[in-house]
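The structure file entry26.cif is reproduced below (mmCIF, N, CA and C atoms).
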```cif
data_model
#
loop_
_atom_site.group_PDB
_atom_site.id
_atom_site.type_symbol
_atom_site.label_atom_id
_atom_site.label_comp_id
_atom_site.auth_asym_id
_atom_site.auth_seq_id
_atom_site.Cartn_x
_atom_site.Cartn_y
_atom_site.Cartn_z
ATOM 1 N N MET A 478 -18.519 -6.593 12.862
ATOM 2 C CA MET A 478 -18.487 -7.704 11.941
ATOM 3 C C MET A 478 -18.526 -7.208 10.499
ATOM 4 N N SER A 479 -19.426 -6.277 10.189
ATOM 5 C CA SER A 479 -19.530 -5.785 8.815
ATOM 6 C C SER A 479 -18.267 -5.028 8.400
ATOM 7 N N GLU A 480 -17.601 -4.375 9.364
ATOM 8 C CA GLU A 480 -16.345 -3.684 9.070
ATOM 9 C C GLU A 480 -15.272 -4.682 8.653
ATOM 10 N N ARG A 481 -15.224 -5.808 9.322
ATOM 11 C CA ARG A 481 -14.264 -6.862 8.996
ATOM 12 C C ARG A 481 -14.553 -7.448 7.610
ATOM 13 N N ILE A 482 -15.819 -7.644 7.287
ATOM 14 C CA ILE A 482 -16.199 -8.170 5.972
ATOM 15 C C ILE A 482 -15.800 -7.177 4.879
ATOM 16 N N ALA A 483 -16.021 -5.903 5.119
ATOM 17 C CA ALA A 483 -15.632 -4.883 4.138
ATOM 18 C C ALA A 483 -14.125 -4.886 3.929
ATOM 19 N N TRP A 484 -13.367 -5.009 5.020
ATOM 20 C CA TRP A 484 -11.904 -5.045 4.926
ATOM 21 C C TRP A 484 -11.458 -6.264 4.126
ATOM 22 N N LEU A 485 -12.041 -7.416 4.408
ATOM 23 C CA LEU A 485 -11.679 -8.636 3.672
ATOM 24 C C LEU A 485 -12.048 -8.520 2.194
ATOM 25 N N SER A 486 -13.164 -7.909 1.889
ATOM 26 C CA SER A 486 -13.562 -7.697 0.496
ATOM 27 C C SER A 486 -12.547 -6.820 -0.226
ATOM 28 N N ASP A 487 -12.075 -5.786 0.453
ATOM 29 C CA ASP A 487 -11.047 -4.920 -0.129
ATOM 30 C C ASP A 487 -9.763 -5.694 -0.390
ATOM 31 N N GLN A 488 -9.387 -6.552 0.563
ATOM 32 C CA GLN A 488 -8.165 -7.344 0.389
ATOM 33 C C GLN A 488 -8.287 -8.281 -0.808
ATOM 34 N N VAL A 489 -9.412 -8.940 -0.952
ATOM 35 C CA VAL A 489 -9.633 -9.821 -2.096
ATOM 36 C C VAL A 489 -9.643 -9.002 -3.379
ATOM 37 N N GLY A 490 -10.263 -7.857 -3.358
ATOM 38 C CA GLY A 490 -10.285 -6.980 -4.521
ATOM 39 C C GLY A 490 -8.900 -6.540 -4.932
ATOM 40 N N ASN A 491 -8.042 -6.271 -3.948
ATOM 41 C CA ASN A 491 -6.663 -5.886 -4.249
ATOM 42 C C ASN A 491 -5.933 -6.991 -4.997
ATOM 43 N N LEU A 492 -6.258 -8.230 -4.700
ATOM 44 C CA LEU A 492 -5.589 -9.345 -5.360
ATOM 45 C C LEU A 492 -6.023 -9.508 -6.810
ATOM 46 N N THR A 493 -7.150 -8.901 -7.197
ATOM 47 C CA THR A 493 -7.601 -9.011 -8.577
ATOM 48 C C THR A 493 -6.805 -8.112 -9.514
ATOM 49 N N VAL A 494 -6.101 -7.136 -8.975
ATOM 50 C CA VAL A 494 -5.246 -6.274 -9.788
ATOM 51 C C VAL A 494 -4.027 -7.100 -10.174
ATOM 52 N N THR A 495 -3.749 -7.221 -11.472
ATOM 53 C CA THR A 495 -2.710 -8.139 -11.919
ATOM 54 C C THR A 495 -1.306 -7.564 -11.807
ATOM 55 N N ASN A 496 -1.144 -6.274 -11.910
ATOM 56 C CA ASN A 496 0.166 -5.657 -11.835
ATOM 57 C C ASN A 496 0.628 -5.585 -10.376
ATOM 58 N N ILE A 497 1.790 -6.130 -10.083
ATOM 59 C CA ILE A 497 2.289 -6.166 -8.695
ATOM 60 C C ILE A 497 2.474 -4.757 -8.142
ATOM 61 N N GLU A 498 3.003 -3.865 -8.953
ATOM 62 C CA GLU A 498 3.214 -2.493 -8.492
ATOM 63 C C GLU A 498 1.894 -1.842 -8.104
ATOM 64 N N ASP A 499 0.856 -2.027 -8.911
ATOM 65 C CA ASP A 499 -0.458 -1.451 -8.597
ATOM 66 C C ASP A 499 -1.053 -2.080 -7.343
ATOM 67 N N ARG A 500 -0.916 -3.405 -7.217
ATOM 68 C CA ARG A 500 -1.428 -4.092 -6.007
ATOM 69 C C ARG A 500 -0.724 -3.558 -4.773
ATOM 70 N N LEU A 501 0.591 -3.431 -4.854
ATOM 71 C CA LEU A 501 1.363 -2.944 -3.709
ATOM 72 C C LEU A 501 0.949 -1.521 -3.362
ATOM 73 N N HIS A 502 0.786 -0.678 -4.362
ATOM 74 C CA HIS A 502 0.398 0.704 -4.109
ATOM 75 C C HIS A 502 -0.976 0.783 -3.449
ATOM 76 N N LEU A 503 -1.926 -0.051 -3.904
ATOM 77 C CA LEU A 503 -3.253 -0.075 -3.280
ATOM 78 C C LEU A 503 -3.180 -0.515 -1.823
ATOM 79 N N VAL A 504 -2.396 -1.546 -1.549
ATOM 80 C CA VAL A 504 -2.262 -2.024 -0.165
ATOM 81 C C VAL A 504 -1.607 -0.954 0.696
ATOM 82 N N LEU A 505 -0.561 -0.314 0.188
ATOM 83 C CA LEU A 505 0.100 0.746 0.956
ATOM 84 C C LEU A 505 -0.857 1.905 1.213
ATOM 85 N N GLN A 506 -1.689 2.243 0.231
ATOM 86 C CA GLN A 506 -2.668 3.305 0.427
ATOM 87 C C GLN A 506 -3.662 2.938 1.527
ATOM 88 N N ASN A 507 -4.134 1.708 1.502
ATOM 89 C CA ASN A 507 -5.095 1.265 2.525
ATOM 90 C C ASN A 507 -4.467 1.276 3.913
ATOM 91 N N VAL A 508 -3.257 0.754 4.031
ATOM 92 C CA VAL A 508 -2.568 0.738 5.325
ATOM 93 C C VAL A 508 -2.319 2.170 5.792
ATOM 94 N N ALA A 509 -1.917 3.035 4.872
ATOM 95 C CA ALA A 509 -1.632 4.423 5.237
ATOM 96 C C ALA A 509 -2.887 5.137 5.730
ATOM 97 N N LYS A 510 -4.010 4.911 5.057
ATOM 98 C CA LYS A 510 -5.253 5.561 5.489
ATOM 99 C C LYS A 510 -5.705 5.048 6.849
ATOM 100 N N GLU A 511 -5.458 3.763 7.131
ATOM 101 C CA GLU A 511 -5.891 3.178 8.400
ATOM 102 C C GLU A 511 -4.918 3.470 9.540
ATOM 103 N N GLN A 512 -3.616 3.417 9.266
ATOM 104 C CA GLN A 512 -2.621 3.473 10.336
ATOM 105 C C GLN A 512 -1.697 4.682 10.279
ATOM 106 N N GLY A 513 -1.712 5.421 9.174
ATOM 107 C CA GLY A 513 -0.775 6.526 9.006
ATOM 108 C C GLY A 513 -1.332 7.848 9.499
ATOM 109 N N SER A 514 -0.459 8.822 9.474
ATOM 110 C CA SER A 514 -0.876 10.189 9.793
ATOM 111 C C SER A 514 -0.708 11.033 8.535
ATOM 112 N N GLU A 515 -1.619 11.966 8.345
ATOM 113 C CA GLU A 515 -1.608 12.773 7.130
ATOM 114 C C GLU A 515 -0.855 14.072 7.369
ATOM 115 N N ASP A 516 -0.021 14.441 6.406
ATOM 116 C CA ASP A 516 0.613 15.755 6.414
ATOM 117 C C ASP A 516 0.651 16.273 4.983
ATOM 118 N N GLU A 517 1.376 17.363 4.756
ATOM 119 C CA GLU A 517 1.371 17.995 3.430
ATOM 120 C C GLU A 517 1.994 17.113 2.343
ATOM 121 N N ARG A 518 2.778 16.133 2.719
ATOM 122 C CA ARG A 518 3.428 15.255 1.738
ATOM 123 C C ARG A 518 2.559 14.069 1.352
ATOM 124 N N GLY A 519 1.582 13.737 2.154
ATOM 125 C CA GLY A 519 0.736 12.570 1.935
ATOM 126 C C GLY A 519 0.482 11.888 3.264
ATOM 127 N N TYR A 520 0.357 10.582 3.236
ATOM 128 C CA TYR A 520 0.193 9.811 4.463
ATOM 129 C C TYR A 520 1.542 9.235 4.864
ATOM 130 N N VAL A 521 1.853 9.334 6.153
ATOM 131 C CA VAL A 521 3.142 8.883 6.665
ATOM 132 C C VAL A 521 2.922 7.670 7.562
ATOM 133 N N LEU A 522 3.638 6.592 7.245
ATOM 134 C CA LEU A 522 3.639 5.407 8.099
ATOM 135 C C LEU A 522 4.894 5.457 8.952
ATOM 136 N N HIS A 523 4.712 5.464 10.266
ATOM 137 C CA HIS A 523 5.839 5.596 11.185
ATOM 138 C C HIS A 523 6.351 4.247 11.666
ATOM 139 N N PHE A 524 5.932 3.195 11.010
ATOM 140 C CA PHE A 524 6.438 1.865 11.342
ATOM 141 C C PHE A 524 6.831 1.192 10.036
ATOM 142 N N SER A 525 7.721 0.262 10.138
ATOM 143 C CA SER A 525 8.181 -0.376 8.907
ATOM 144 C C SER A 525 7.551 -1.754 8.749
ATOM 145 N N MET A 526 7.350 -2.113 7.514
ATOM 146 C CA MET A 526 6.903 -3.457 7.159
ATOM 147 C C MET A 526 7.985 -4.027 6.249
ATOM 148 N N THR A 527 8.358 -5.256 6.483
ATOM 149 C CA THR A 527 9.372 -5.861 5.629
ATOM 150 C C THR A 527 8.783 -6.150 4.256
ATOM 151 N N HIS A 528 9.657 -6.293 3.296
ATOM 152 C CA HIS A 528 9.199 -6.627 1.945
ATOM 153 C C HIS A 528 8.576 -8.017 1.932
ATOM 154 N N GLU A 529 9.020 -8.876 2.811
ATOM 155 C CA GLU A 529 8.415 -10.202 2.925
ATOM 156 C C GLU A 529 6.974 -10.092 3.436
ATOM 157 N N GLU A 530 6.747 -9.244 4.442
ATOM 158 C CA GLU A 530 5.395 -9.037 4.963
ATOM 159 C C GLU A 530 4.484 -8.420 3.898
ATOM 160 N N LEU A 531 5.002 -7.447 3.161
ATOM 161 C CA LEU A 531 4.219 -6.839 2.090
ATOM 162 C C LEU A 531 3.912 -7.861 1.002
ATOM 163 N N GLY A 532 4.877 -8.712 0.712
ATOM 164 C CA GLY A 532 4.656 -9.769 -0.271
ATOM 165 C C GLY A 532 3.539 -10.700 0.148
ATOM 166 N N PHE A 533 3.469 -11.006 1.437
ATOM 167 C CA PHE A 533 2.395 -11.839 1.949
ATOM 168 C C PHE A 533 1.033 -11.177 1.716
ATOM 169 N N LEU A 534 0.978 -9.864 1.927
ATOM 170 C CA LEU A 534 -0.285 -9.137 1.764
ATOM 171 C C LEU A 534 -0.752 -9.060 0.314
ATOM 172 N N ILE A 535 0.199 -9.021 -0.627
ATOM 173 C CA ILE A 535 -0.192 -8.867 -2.030
ATOM 174 C C ILE A 535 -0.023 -10.143 -2.843
ATOM 175 N N GLY A 536 0.453 -11.207 -2.218
ATOM 176 C CA GLY A 536 0.617 -12.469 -2.924
ATOM 177 C C GLY A 536 1.769 -12.450 -3.898
ATOM 178 N N ALA A 537 2.917 -11.913 -3.465
ATOM 179 C CA ALA A 537 4.093 -11.822 -4.336
ATOM 180 C C ALA A 537 5.341 -12.193 -3.544
ATOM 181 N N HIS A 538 6.412 -12.495 -4.264
ATOM 182 C CA HIS A 538 7.688 -12.806 -3.631
ATOM 183 C C HIS A 538 8.368 -11.523 -3.153
ATOM 184 N N ARG A 539 9.238 -11.660 -2.174
ATOM 185 C CA ARG A 539 9.955 -10.518 -1.610
ATOM 186 C C ARG A 539 10.718 -9.742 -2.685
ATOM 187 N N VAL A 540 11.376 -10.458 -3.575
ATOM 188 C CA VAL A 540 12.159 -9.796 -4.625
ATOM 189 C C VAL A 540 11.256 -8.947 -5.514
ATOM 190 N N SER A 541 10.069 -9.445 -5.824
ATOM 191 C CA SER A 541 9.114 -8.681 -6.637
ATOM 192 C C SER A 541 8.651 -7.432 -5.901
ATOM 193 N N VAL A 542 8.477 -7.535 -4.596
ATOM 194 C CA VAL A 542 8.077 -6.373 -3.789
ATOM 195 C C VAL A 542 9.191 -5.329 -3.800
ATOM 196 N N THR A 543 10.435 -5.766 -3.675
ATOM 197 C CA THR A 543 11.572 -4.836 -3.696
ATOM 198 C C THR A 543 11.603 -4.082 -5.020
ATOM 199 N N ARG A 544 11.429 -4.781 -6.126
ATOM 200 C CA ARG A 544 11.408 -4.129 -7.440
ATOM 201 C C ARG A 544 10.239 -3.149 -7.547
ATOM 202 N N ALA A 545 9.074 -3.568 -7.066
ATOM 203 C CA ALA A 545 7.891 -2.703 -7.134
ATOM 204 C C ALA A 545 8.073 -1.461 -6.255
ATOM 205 N N MET A 546 8.657 -1.626 -5.072
ATOM 206 C CA MET A 546 8.910 -0.480 -4.181
ATOM 207 C C MET A 546 9.862 0.499 -4.855
ATOM 208 N N ASN A 547 10.901 -0.008 -5.501
ATOM 209 C CA ASN A 547 11.841 0.866 -6.207
ATOM 210 C C ASN A 547 11.146 1.619 -7.332
ATOM 211 N N SER A 548 10.272 0.949 -8.052
ATOM 212 C CA SER A 548 9.522 1.579 -9.132
ATOM 213 C C SER A 548 8.580 2.654 -8.591
ATOM 214 N N LEU A 549 7.870 2.346 -7.494
ATOM 215 C CA LEU A 549 6.982 3.329 -6.875
ATOM 216 C C LEU A 549 7.762 4.558 -6.418
ATOM 217 N N LYS A 550 8.953 4.331 -5.887
ATOM 218 C CA LYS A 550 9.791 5.447 -5.435
ATOM 219 C C LYS A 550 10.232 6.289 -6.629
ATOM 220 N N GLN A 551 10.667 5.642 -7.707
ATOM 221 C CA GLN A 551 11.103 6.369 -8.904
ATOM 222 C C GLN A 551 9.958 7.165 -9.523
ATOM 223 N N ASN A 552 8.745 6.644 -9.428
ATOM 224 C CA ASN A 552 7.576 7.317 -9.992
ATOM 225 C C ASN A 552 6.978 8.367 -9.059
ATOM 226 N N GLY A 553 7.573 8.544 -7.881
ATOM 227 C CA GLY A 553 7.115 9.570 -6.950
ATOM 228 C C GLY A 553 5.864 9.208 -6.176
ATOM 229 N N LYS A 554 5.477 7.925 -6.194
ATOM 230 C CA LYS A 554 4.269 7.511 -5.476
ATOM 231 C C LYS A 554 4.543 7.236 -4.004
ATOM 232 N N ILE A 555 5.796 6.944 -3.681
ATOM 233 C CA ILE A 555 6.210 6.773 -2.284
ATOM 234 C C ILE A 555 7.541 7.493 -2.100
ATOM 235 N N ALA A 556 7.860 7.790 -0.851
ATOM 236 C CA ALA A 556 9.142 8.397 -0.505
ATOM 237 C C ALA A 556 9.504 7.924 0.900
ATOM 238 N N TYR A 557 10.759 8.048 1.228
ATOM 239 C CA TYR A 557 11.222 7.678 2.563
ATOM 240 C C TYR A 557 11.701 8.924 3.281
ATOM 241 N N ASP A 558 11.425 8.977 4.570
ATOM 242 C CA ASP A 558 11.921 10.031 5.447
ATOM 243 C C ASP A 558 12.468 9.336 6.677
ATOM 244 N N GLY A 559 13.737 8.999 6.639
ATOM 245 C CA GLY A 559 14.313 8.181 7.700
ATOM 246 C C GLY A 559 13.699 6.793 7.636
ATOM 247 N N LYS A 560 13.093 6.365 8.726
ATOM 248 C CA LYS A 560 12.440 5.055 8.763
ATOM 249 C C LYS A 560 10.959 5.132 8.430
ATOM 250 N N SER A 561 10.471 6.328 8.168
ATOM 251 C CA SER A 561 9.059 6.508 7.826
ATOM 252 C C SER A 561 8.864 6.372 6.327
ATOM 253 N N LEU A 562 7.716 5.831 5.950
ATOM 254 C CA LEU A 562 7.338 5.687 4.552
ATOM 255 C C LEU A 562 6.211 6.662 4.268
ATOM 256 N N ILE A 563 6.369 7.457 3.217
ATOM 257 C CA ILE A 563 5.366 8.443 2.836
ATOM 258 C C ILE A 563 4.686 7.957 1.567
ATOM 259 N N ILE A 564 3.366 7.851 1.615
ATOM 260 C CA ILE A 564 2.590 7.442 0.451
ATOM 261 C C ILE A 564 1.888 8.683 -0.073
ATOM 262 N N THR A 565 2.268 9.088 -1.280
ATOM 263 C CA THR A 565 1.690 10.277 -1.900
ATOM 264 C C THR A 565 0.608 9.859 -2.886
ATOM 265 N N HIS A 566 -0.082 10.809 -3.431
ATOM 266 C CA HIS A 566 -1.085 10.574 -4.470
ATOM 267 C C HIS A 566 -2.172 9.598 -4.027
ATOM 268 N N ILE A 567 -2.730 9.803 -2.867
ATOM 269 C CA ILE A 567 -3.830 8.948 -2.412
ATOM 270 C C ILE A 567 -5.143 9.661 -2.712
ATOM 271 N N PRO A 568 -5.989 9.054 -3.550
ATOM 272 C CA PRO A 568 -7.285 9.685 -3.827
ATOM 273 C C PRO A 568 -8.165 9.682 -2.584
ATOM 274 N N LYS A 569 -9.109 10.592 -2.558
ATOM 275 C CA LYS A 569 -10.031 10.674 -1.414
ATOM 276 C C LYS A 569 -10.774 9.368 -1.207
ATOM 277 N N GLU A 570 -11.220 8.773 -2.294
ATOM 278 C CA GLU A 570 -11.922 7.483 -2.231
ATOM 279 C C GLU A 570 -11.084 6.459 -2.969
ATOM 280 N N LEU A 571 -10.668 5.433 -2.257
ATOM 281 C CA LEU A 571 -9.941 4.351 -2.883
ATOM 282 C C LEU A 571 -10.910 3.493 -3.679
ATOM 283 N N PRO A 572 -10.447 2.890 -4.768
ATOM 284 C CA PRO A 572 -11.369 2.074 -5.573
ATOM 285 C C PRO A 572 -11.896 0.890 -4.786
ATOM 286 N N THR A 573 -13.147 0.574 -5.033
ATOM 287 C CA THR A 573 -13.737 -0.623 -4.446
ATOM 288 C C THR A 573 -13.954 -1.625 -5.564
ATOM 289 N N PHE A 574 -13.890 -2.883 -5.229
ATOM 290 C CA PHE A 574 -13.960 -3.928 -6.228
ATOM 291 C C PHE A 574 -15.241 -4.726 -6.147
ATOM 292 N N PHE A 575 -16.048 -4.501 -5.100
ATOM 293 C CA PHE A 575 -17.283 -5.268 -4.928
ATOM 294 C C PHE A 575 -18.425 -4.334 -4.683
#
```
Any chance you could put this one into structure tokens?
Amino acid sequence: MSERIAWLSDQVGNLTVTNIEDRLHLVLQNVAKEQGSEDERGYVLHFSMTHEELGFLIGAHRVSVTRAMNSLKQNGKIAYDGKSLIITHIPKELPTFF
């Protein structure tokens, strides 16, 4: 139960970040740490999430998620390897908001 409350607190905290790109990057980092595998490039997600699904998680429209994903890719914060998504630059401790 307390694990679920902590997860929900993190999700609410992610929504307090006003920049869509930053919110998306935080959500991707959290998903990668929970569901991804770590290698020398960062955390690798071996499943895909649609931009619509990501938009639901961060409270943004699909088009905004597409723009933010492109920006994250240009800035080297994410990369693609086939159908896998690589999230780089993940700090050891993700910020907490509560």
List, as a PDB file with N, CA and C atoms, keeping the file's coordinate frame, every residue that the PyMOL selection byres ((chain A and resi 522) around 5) selects in the file provided.
```
ATOM      1  N   GLY A 513      -1.712   5.421   9.174  1.00  0.00           N
ATOM      2  CA  GLY A 513      -0.775   6.526   9.006  1.00  0.00           C
ATOM      3  C   GLY A 513      -1.332   7.848   9.499  1.00  0.00           C
ATOM      4  N   TYR A 520       0.357  10.582   3.236  1.00  0.00           N
ATOM      5  CA  TYR A 520       0.193   9.811   4.463  1.00  0.00           C
ATOM      6  C   TYR A 520       1.542   9.235   4.864  1.00  0.00           C
ATOM      7  N   VAL A 521       1.853   9.334   6.153  1.00  0.00           N
ATOM      8  CA  VAL A 521       3.142   8.883   6.665  1.00  0.00           C
ATOM      9  C   VAL A 521       2.922   7.670   7.562  1.00  0.00           C
ATOM     10  N   HIS A 523       4.712   5.464  10.266  1.00  0.00           N
ATOM     11  CA  HIS A 523       5.839   5.596  11.185  1.00  0.00           C
ATOM     12  C   HIS A 523       6.351   4.247  11.666  1.00  0.00           C
ATOM     13  N   PHE A 524       5.932   3.195  11.010  1.00  0.00           N
ATOM     14  CA  PHE A 524       6.438   1.865  11.342  1.00  0.00           C
ATOM     15  C   PHE A 524       6.831   1.192  10.036  1.00  0.00           C
ATOM     16  N   SER A 561      10.471   6.328   8.168  1.00  0.00           N
ATOM     17  CA  SER A 561       9.059   6.508   7.826  1.00  0.00           C
ATOM     18  C   SER A 561       8.864   6.372   6.327  1.00  0.00           C
ATOM     19  N   LEU A 562       7.716   5.831   5.950  1.00  0.00           N
ATOM     20  CA  LEU A 562       7.338   5.687   4.552  1.00  0.00           C
ATOM     21  C   LEU A 562       6.211   6.662   4.268  1.00  0.00           C
ATOM     22  N   ILE A 563       6.369   7.457   3.217  1.00  0.00           N
ATOM     23  CA  ILE A 563       5.366   8.443   2.836  1.00  0.00           C
ATOM     24  C   ILE A 563       4.686   7.957   1.567  1.00  0.00           C
TER      25      ILE A 563
END
```
Separation of atom CA of A:His566 from atom C of A:Gly553 in Å: 7.3 Å
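Using all atoms listed in the file, the smallest distance between any of A:Asp558, A:Glu515, A:His528, A:Ile567 and A:Ser541 comes from A:His528.
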May I ask which of the residues A:Gln506, A:Asn496, A:Asn547, A:Gly536 is the closest one to A:Thr565, counting all atoms listed in the file? A:Gln506
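We find atom N of A:Leu501 and atom CA of A:Leu549 to be spaced 9.5 Å apart.
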With distances taken over only C-alpha atoms, which of A:His502, A:Ser479, A:His538, A:Ile564 is nearest to A:Asp516? A:Ile564
Go through stretch 485-573 of chain A and collect every residue that DSSP, computed from the backbone, puts in strand (DSSP E); the answer should be as a PyMOL selection string. chain A and resi 514-516+519-522+555-558+561-564
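Across the structure, atom N of A:Arg544 and atom C of A:Leu503 are spaced 15.8 Å apart.
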Extract, using only C-alpha atoms, all DNA, RNA and protein residues at most 12 Å from A:Val542, discarding same-chain residues fewer than 5 positions from it, and format them as an MDAnalysis selection string. chainID A and resid 496:502 504:505 526:537 547:549
Taking only C-alpha atoms, show stretch 497-552 of chain A of the given structure as a short mmCIF file (atom, residue, chain, number, x, y, z; two decimals), in the first residue's frame.
```
data_model
loop_
_atom_site.label_atom_id
_atom_site.label_comp_id
_atom_site.auth_asym_id
_atom_site.auth_seq_id
_atom_site.Cartn_x
_atom_site.Cartn_y
_atom_site.Cartn_z
CA ILE A 497 6.19 19.41 -21.09
CA GLU A 498 9.63 18.22 -22.16
CA ASP A 499 10.81 18.05 -18.53
CA ARG A 500 7.61 16.27 -17.42
CA LEU A 501 7.98 13.74 -20.23
CA HIS A 502 11.64 13.14 -19.41
CA LEU A 503 10.82 12.56 -15.72
CA VAL A 504 8.06 10.09 -16.59
CA LEU A 505 10.32 8.25 -19.05
CA GLN A 506 13.04 8.08 -16.39
CA ASN A 507 10.62 6.61 -13.86
CA VAL A 508 9.25 4.06 -16.33
CA ALA A 509 12.78 3.14 -17.41
CA LYS A 510 13.95 2.60 -13.83
CA GLU A 511 10.90 0.44 -13.06
CA GLN A 512 10.53 -1.51 -16.31
CA GLY A 513 13.75 -1.06 -18.30
CA SER A 514 17.06 -2.81 -18.33
CA GLU A 515 20.30 -0.94 -17.74
CA ASP A 516 23.27 -1.06 -20.08
CA GLU A 517 26.20 1.20 -20.97
CA ARG A 518 23.93 3.57 -22.94
CA GLY A 519 21.41 4.11 -20.14
CA TYR A 520 18.09 2.43 -19.45
CA VAL A 521 16.48 0.55 -22.33
CA LEU A 522 12.73 0.11 -22.67
CA HIS A 523 11.99 -2.92 -24.84
CA PHE A 524 8.33 -2.06 -25.29
CA SER A 525 6.76 0.89 -26.97
CA MET A 526 4.32 3.41 -25.60
CA THR A 527 2.32 5.52 -27.99
CA HIS A 528 2.59 9.28 -27.84
CA GLU A 529 -1.08 9.30 -26.90
CA GLU A 530 -0.39 7.03 -23.90
CA LEU A 531 2.55 9.21 -22.85
CA GLY A 532 0.35 12.27 -23.20
CA PHE A 533 -2.15 10.70 -20.83
CA LEU A 534 0.62 10.15 -18.26
CA ILE A 535 1.90 13.73 -18.42
CA GLY A 536 -1.36 15.56 -19.09
CA ALA A 537 -0.50 16.74 -22.61
CA HIS A 538 -1.79 16.32 -26.16
CA ARG A 539 -0.23 13.75 -28.48
CA VAL A 540 1.19 16.45 -30.75
CA SER A 541 2.93 18.10 -27.78
CA VAL A 542 4.43 14.73 -26.80
CA THR A 543 5.73 14.22 -30.35
CA ARG A 544 7.43 17.63 -30.26
CA ALA A 545 8.87 16.96 -26.80
CA MET A 546 10.17 13.51 -27.87
CA ASN A 547 11.89 15.09 -30.88
CA SER A 548 13.46 17.72 -28.63
CA LEU A 549 14.64 15.08 -26.13
CA LYS A 550 16.17 13.12 -29.00
CA GLN A 551 17.94 16.21 -30.39
CA ASN A 552 19.29 17.00 -26.92
#
```
